[in-house]
Amino acid sequence: MRKAAPFALLLVLAGCGDTYTPGPLYQATSADCSTPVDADTFELPRGITVAATTVLPQPVDGGMEIGVNYMLPRGTQVHFATSHFQVTQPKGPLIENATVLSVYQRATNSKPEMVEIVNGVPLVLFAVATSDDTQFRYRLVIKDKMPKRFDLTPPDVIIGGKRYVSRTFTYRWFEDKKAFGMCH
């Protein structure tokens, strides 16, 4: 019995692991992605979320701005596995890497503060200890003229030493609105 006790303890500890099951990694749920949405949120482990917003047109011909928000509960952190927010053909090749215009962080109980940008993307986000949640908002600009449909994929993240893939957010041109928008 004594020889089996350490083995039993290992089995019990192994059963206490991460129970995270990701939602769909690709936002579009239909072939034509015909349902417009204003924003979409994807849950990561430890209560961390990433959300993308709809498109804001830029005065530059063909350019647009998209917001990507990370919400981190107190005591959590996110490491980016890469430093690019990729804009691609639907499930296809790279069109361009979005340019980070600005990043700000805001404890949900305080005012926003600008965060220094190092090579375009701060590679580690730390939740503050003085608030239940900390928001990091990335303002991204896409400079090129986009096809009628495209994808935006934030960097993979490392949480608790394990790498996780983020959701690919889908955008398309809505003829009735004469504008790009996020879609399902």
# chains A, B, ... in the order shown; residues from 1 in each chain; ligands from 1
call {"tool": "select_by_dssp", "arguments": {"residues": "chain A", "states": "helix (DSSP H, G or I)", "output": "PyMOL selection string"}}
result
chain A and resi 4-14+45-47
call {"tool": "residues_around", "arguments": {"residues": "segment 30-47 of chain A", "least_positions_apart": "5", "cutoff": "10 Å", "atoms": "only C-alpha atoms", "output": "ChimeraX atom specification"}}
result
/A:18-25,52-55,67-77,133,149,157-160,162,164-174,180-184
call {"tool": "closest_residue", "arguments": {"among": "A:Ala51, A:Val124, A:Val103, A:Leu94", "to": "Thr82 of chain A", "atoms": "only C-alpha atoms"}}
result
A:Val124
call {"tool": "closest_residue", "arguments": {"among": "A:Gln58, A:Ser110, A:Gln105, A:Thr88", "to": "Leu140 of chain A", "atoms": "only C-alpha atoms"}}
result
A:Gln58
call {"tool": "closest_residue", "arguments": {"among": "A:Lys178, A:Gly161, A:Arg139, A:Pro155", "to": "Ile66 of chain A", "atoms": "only C-alpha atoms"}}
result
A:Arg139
call {"tool": "atom_distance", "arguments": {"atom1": "atom CA of Pro112 of chain A", "atom2": "atom CA of Ala127 of chain A"}}
result
13.5 Å
call {"tool": "residues_around", "arguments": {"residues": "Ser131 of chain A", "least_positions_apart": "3", "cutoff": "8 Å", "atoms": "only C-alpha atoms", "output": "VMD selection string"}}
result
chain A and resid 74 107 to 109 128 134
call {"tool": "write_last_selection", "arguments": {"atoms": "C-alpha atoms", "output": "tab-separated table (two decimals), in the first residue's frame"}}
result
chain	number	residue	atom	x	y	z
A	74	ARG	CA	-6.17	40.09	-11.33
A	107	ALA	CA	-7.65	48.83	-14.71
A	108	THR	CA	-11.44	48.58	-14.79
A	109	ASN	CA	-11.57	50.93	-11.81
A	128	VAL	CA	-2.65	45.08	-12.18
A	134	THR	CA	-7.16	44.99	-16.54
